[in-house]
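Structure file upload_33.txt (compact mmCIF, N, CA and C atoms) follows.
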# COMPACT_ATOMS: atom_id res chain seq x y z
N MET A 107 61.68 62.52 1.33
CA MET A 107 60.53 61.68 1.52
C MET A 107 60.59 60.91 2.84
N ALA A 108 61.76 60.48 3.24
CA ALA A 108 61.90 59.73 4.49
C ALA A 108 61.49 60.59 5.69
N GLU A 109 61.52 61.91 5.52
CA GLU A 109 61.14 62.81 6.59
C GLU A 109 59.66 62.68 6.93
N LEU A 110 58.84 62.30 5.96
CA LEU A 110 57.40 62.22 6.18
C LEU A 110 57.02 61.01 7.04
N GLN A 111 57.81 59.95 6.98
CA GLN A 111 57.54 58.74 7.76
C GLN A 111 58.83 58.29 8.46
N PRO A 112 59.27 59.02 9.47
CA PRO A 112 60.57 58.71 10.09
C PRO A 112 60.59 57.36 10.81
N ASN A 113 59.44 56.83 11.20
CA ASN A 113 59.40 55.57 11.93
C ASN A 113 59.21 54.36 11.02
N ASN A 114 59.17 54.56 9.72
CA ASN A 114 58.96 53.47 8.77
C ASN A 114 60.25 53.26 7.97
N PRO A 115 61.06 52.25 8.34
CA PRO A 115 62.34 52.04 7.63
C PRO A 115 62.16 51.56 6.19
N LEU A 116 60.98 51.11 5.81
CA LEU A 116 60.74 50.63 4.45
C LEU A 116 60.20 51.73 3.53
N HIS A 117 59.93 52.90 4.08
CA HIS A 117 59.39 53.98 3.27
C HIS A 117 60.38 54.39 2.20
N GLY A 118 59.94 54.35 0.95
CA GLY A 118 60.78 54.74 -0.16
C GLY A 118 61.66 53.63 -0.71
N VAL A 119 61.61 52.44 -0.10
CA VAL A 119 62.40 51.32 -0.58
C VAL A 119 61.50 50.43 -1.43
N LYS A 120 61.92 50.19 -2.67
CA LYS A 120 61.12 49.38 -3.59
C LYS A 120 61.32 47.90 -3.31
N LEU A 121 60.30 47.11 -3.60
CA LEU A 121 60.36 45.68 -3.40
C LEU A 121 61.49 45.06 -4.22
N VAL A 122 61.69 45.55 -5.43
CA VAL A 122 62.76 45.01 -6.28
C VAL A 122 64.13 45.28 -5.64
N ASP A 123 64.30 46.42 -5.00
CA ASP A 123 65.57 46.72 -4.33
C ASP A 123 65.78 45.82 -3.13
N ILE A 124 64.72 45.54 -2.39
CA ILE A 124 64.80 44.64 -1.25
C ILE A 124 65.21 43.25 -1.71
N LEU A 125 64.55 42.76 -2.74
CA LEU A 125 64.83 41.42 -3.24
C LEU A 125 66.25 41.32 -3.80
N GLU A 126 66.68 42.30 -4.57
CA GLU A 126 68.04 42.28 -5.12
C GLU A 126 69.09 42.32 -4.01
N PHE A 127 68.84 43.10 -2.98
CA PHE A 127 69.76 43.17 -1.84
C PHE A 127 69.88 41.81 -1.17
N LEU A 128 68.72 41.18 -0.90
CA LEU A 128 68.73 39.89 -0.22
C LEU A 128 69.41 38.81 -1.06
N VAL A 129 69.18 38.81 -2.35
CA VAL A 129 69.82 37.82 -3.22
C VAL A 129 71.33 38.04 -3.23
N ASP A 130 71.77 39.28 -3.28
CA ASP A 130 73.21 39.57 -3.27
C ASP A 130 73.85 39.19 -1.94
N GLU A 131 73.16 39.48 -0.85
CA GLU A 131 73.71 39.23 0.48
C GLU A 131 73.62 37.76 0.89
N ARG A 132 72.51 37.10 0.59
CA ARG A 132 72.26 35.77 1.11
C ARG A 132 72.23 34.67 0.07
N GLY A 133 71.80 35.00 -1.13
CA GLY A 133 71.67 33.98 -2.18
C GLY A 133 70.30 33.33 -2.13
N TRP A 134 69.95 32.68 -3.24
CA TRP A 134 68.62 32.06 -3.36
C TRP A 134 68.42 30.92 -2.37
N GLU A 135 69.45 30.11 -2.14
CA GLU A 135 69.31 28.95 -1.25
C GLU A 135 69.00 29.37 0.17
N ASP A 136 69.71 30.39 0.66
CA ASP A 136 69.45 30.87 2.02
C ASP A 136 68.06 31.51 2.11
N LEU A 137 67.67 32.23 1.08
CA LEU A 137 66.32 32.82 1.08
C LEU A 137 65.26 31.72 1.14
N ALA A 138 65.48 30.62 0.41
CA ALA A 138 64.52 29.52 0.42
C ALA A 138 64.43 28.88 1.79
N GLU A 139 65.54 28.85 2.53
CA GLU A 139 65.51 28.31 3.89
C GLU A 139 64.77 29.24 4.85
N LYS A 140 65.00 30.53 4.70
CA LYS A 140 64.40 31.52 5.61
C LYS A 140 62.93 31.75 5.32
N VAL A 141 62.57 31.79 4.04
CA VAL A 141 61.18 32.02 3.63
C VAL A 141 60.81 30.87 2.69
N ASN A 142 59.99 29.97 3.18
CA ASN A 142 59.68 28.74 2.46
C ASN A 142 58.62 28.98 1.38
N ILE A 143 59.08 29.49 0.24
CA ILE A 143 58.19 29.68 -0.90
C ILE A 143 58.87 29.12 -2.15
N ASN A 144 58.08 28.57 -3.05
CA ASN A 144 58.61 27.89 -4.23
C ASN A 144 59.37 28.81 -5.17
N CYS A 145 59.01 30.08 -5.25
CA CYS A 145 59.71 30.95 -6.19
C CYS A 145 61.18 31.15 -5.79
N PHE A 146 61.54 30.88 -4.53
CA PHE A 146 62.93 30.92 -4.11
C PHE A 146 63.62 29.58 -4.34
N LYS A 147 62.85 28.51 -4.43
CA LYS A 147 63.41 27.17 -4.52
C LYS A 147 63.56 26.66 -5.94
N SER A 148 62.54 26.85 -6.74
CA SER A 148 62.48 26.23 -8.06
C SER A 148 62.68 27.27 -9.16
N ASN A 149 63.83 27.23 -9.81
CA ASN A 149 64.15 28.13 -10.91
C ASN A 149 63.90 29.59 -10.54
N PRO A 150 64.58 30.10 -9.50
CA PRO A 150 64.30 31.45 -9.01
C PRO A 150 64.77 32.54 -9.98
N SER A 151 63.97 33.58 -10.04
CA SER A 151 64.35 34.78 -10.78
C SER A 151 63.70 35.98 -10.08
N ILE A 152 64.31 37.12 -10.26
CA ILE A 152 63.78 38.34 -9.65
C ILE A 152 62.35 38.59 -10.15
N LYS A 153 62.15 38.45 -11.44
CA LYS A 153 60.84 38.73 -12.04
C LYS A 153 59.74 37.84 -11.48
N SER A 154 59.99 36.52 -11.41
CA SER A 154 58.96 35.61 -10.92
C SER A 154 58.69 35.83 -9.44
N CYS A 155 59.73 36.12 -8.68
CA CYS A 155 59.54 36.36 -7.24
C CYS A 155 58.78 37.66 -6.99
N LEU A 156 59.08 38.69 -7.77
CA LEU A 156 58.34 39.95 -7.61
C LEU A 156 56.86 39.75 -7.90
N LYS A 157 56.56 39.00 -8.94
CA LYS A 157 55.16 38.74 -9.29
C LYS A 157 54.44 38.04 -8.14
N PHE A 158 55.09 37.04 -7.56
CA PHE A 158 54.48 36.30 -6.45
C PHE A 158 54.35 37.18 -5.21
N LEU A 159 55.40 37.89 -4.86
CA LEU A 159 55.39 38.70 -3.64
C LEU A 159 54.39 39.85 -3.70
N ARG A 160 54.14 40.36 -4.88
CA ARG A 160 53.15 41.44 -5.01
C ARG A 160 51.73 40.93 -4.81
N LYS A 161 51.51 39.65 -5.05
CA LYS A 161 50.17 39.07 -4.89
C LYS A 161 49.95 38.45 -3.51
N THR A 162 51.04 38.10 -2.81
CA THR A 162 50.94 37.32 -1.58
C THR A 162 51.51 38.11 -0.41
N GLN A 163 50.64 38.72 0.36
CA GLN A 163 51.07 39.64 1.41
C GLN A 163 51.87 38.95 2.52
N TRP A 164 51.48 37.73 2.93
CA TRP A 164 52.21 37.07 4.02
C TRP A 164 53.66 36.80 3.63
N ALA A 165 53.89 36.44 2.37
CA ALA A 165 55.25 36.18 1.90
C ALA A 165 56.04 37.49 1.81
N ARG A 166 55.39 38.53 1.34
CA ARG A 166 56.04 39.84 1.26
C ARG A 166 56.43 40.33 2.65
N ASP A 167 55.56 40.12 3.63
CA ASP A 167 55.87 40.52 5.00
C ASP A 167 57.12 39.80 5.52
N LYS A 168 57.23 38.51 5.22
CA LYS A 168 58.40 37.74 5.66
C LYS A 168 59.68 38.24 4.99
N VAL A 169 59.60 38.54 3.70
CA VAL A 169 60.76 39.05 2.98
C VAL A 169 61.16 40.42 3.51
N GLU A 170 60.19 41.27 3.78
CA GLU A 170 60.49 42.59 4.32
C GLU A 170 61.10 42.48 5.71
N ASP A 171 60.60 41.56 6.55
CA ASP A 171 61.17 41.36 7.87
C ASP A 171 62.62 40.87 7.78
N LEU A 172 62.87 39.96 6.85
CA LEU A 172 64.22 39.46 6.64
C LEU A 172 65.16 40.59 6.19
N TYR A 173 64.65 41.46 5.34
CA TYR A 173 65.43 42.62 4.89
C TYR A 173 65.77 43.53 6.07
N LEU A 174 64.78 43.81 6.90
CA LEU A 174 65.01 44.69 8.06
C LEU A 174 66.03 44.08 9.02
N GLN A 175 65.99 42.76 9.20
CA GLN A 175 66.99 42.10 10.05
C GLN A 175 68.37 42.19 9.43
N SER A 176 68.45 42.13 8.11
CA SER A 176 69.73 42.14 7.41
C SER A 176 70.40 43.51 7.43
N ILE A 177 69.63 44.57 7.45
CA ILE A 177 70.23 45.90 7.40
C ILE A 177 70.57 46.44 8.78
N LYS A 178 70.14 45.78 9.83
CA LYS A 178 70.44 46.25 11.19
C LYS A 178 71.80 45.83 11.63

Please go through the file and, once you have read it, give me the structure as structure tokens.
Amino acid sequence: MAELQPNNPLHGVKLVDILEFLVDERGWEDLAEKVNINCFKSNPSIKSCLKFLRKTQWARDKVEDLYLQSIK
């Protein structure tokens, strides 16, 4: 599948995988500092953050950018 979009590093990567990677690598506190959203600050959980990020494109873009910076 990655062959179809060679210039898109997010192709085939699920949002849940991105979020789990960032939580494992950085933790909730660092995520809250980097991306200022309440779901990272107040009682964070993967489920609640996924729900918010799927509805809020600007926040999802920031999380995806942070992921791309982390894997480079």

Checklist entry - Which residues, written as a PyMOL selection string, have at least one atom at most 12 Å from Leu116 of chain A, with only C-alpha atoms counted and residues fewer than 5 positions away on the same chain left out? => result chain A and resi 107-108+111+121+123-124+167+169-175+177

Checklist entry - What is the atom C of Leu156 of chain A-atom N of Val122 of chain A distance in Å, reported with one decimal? => result 7.9 Å

Next on the checklist: Just checking: using only N, CA and C atoms, which residue out of A:Leu125, A:Trp134, A:His117, A:Pro112 ends up closest to Pro150 of chain A?
Outcome noted: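 Going through A:Leu125, A:Trp134, A:His117, A:Pro112 one by one, the smallest distance to Pro150 of chain A is for A:Trp134.
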
Checklist entry - Can you tell me, as a PyMOL selection string, what residues are no more than 12 Å from Glu135 of chain A when counting only C-alpha atoms, ignoring any on the same chain fewer than 5 positions away? => result chain A and resi 128-130+140-150

Checklist outcome for this item: Pairwise distance, atom CA of Arg166 of chain A with atom C of Asn113 of chain A, equals 17.8 Å

Checklist entry - How far is it from atom CA of Ser154 of chain A to atom CA of Glu126 of chain A, in Å with one decimal? => result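 Answer for the atom CA of Ser154 of chain A to atom CA of Glu126 of chain A separation: 12.7 Å.
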
Checklist entry - Looking only at the backbone, which of the residues in segment 107-177 of chain A does DSSP tag as alpha helix (DSSP H), as a PyMOL selection string? => result chain A and resi 121-140+144-147+152-161+163-177
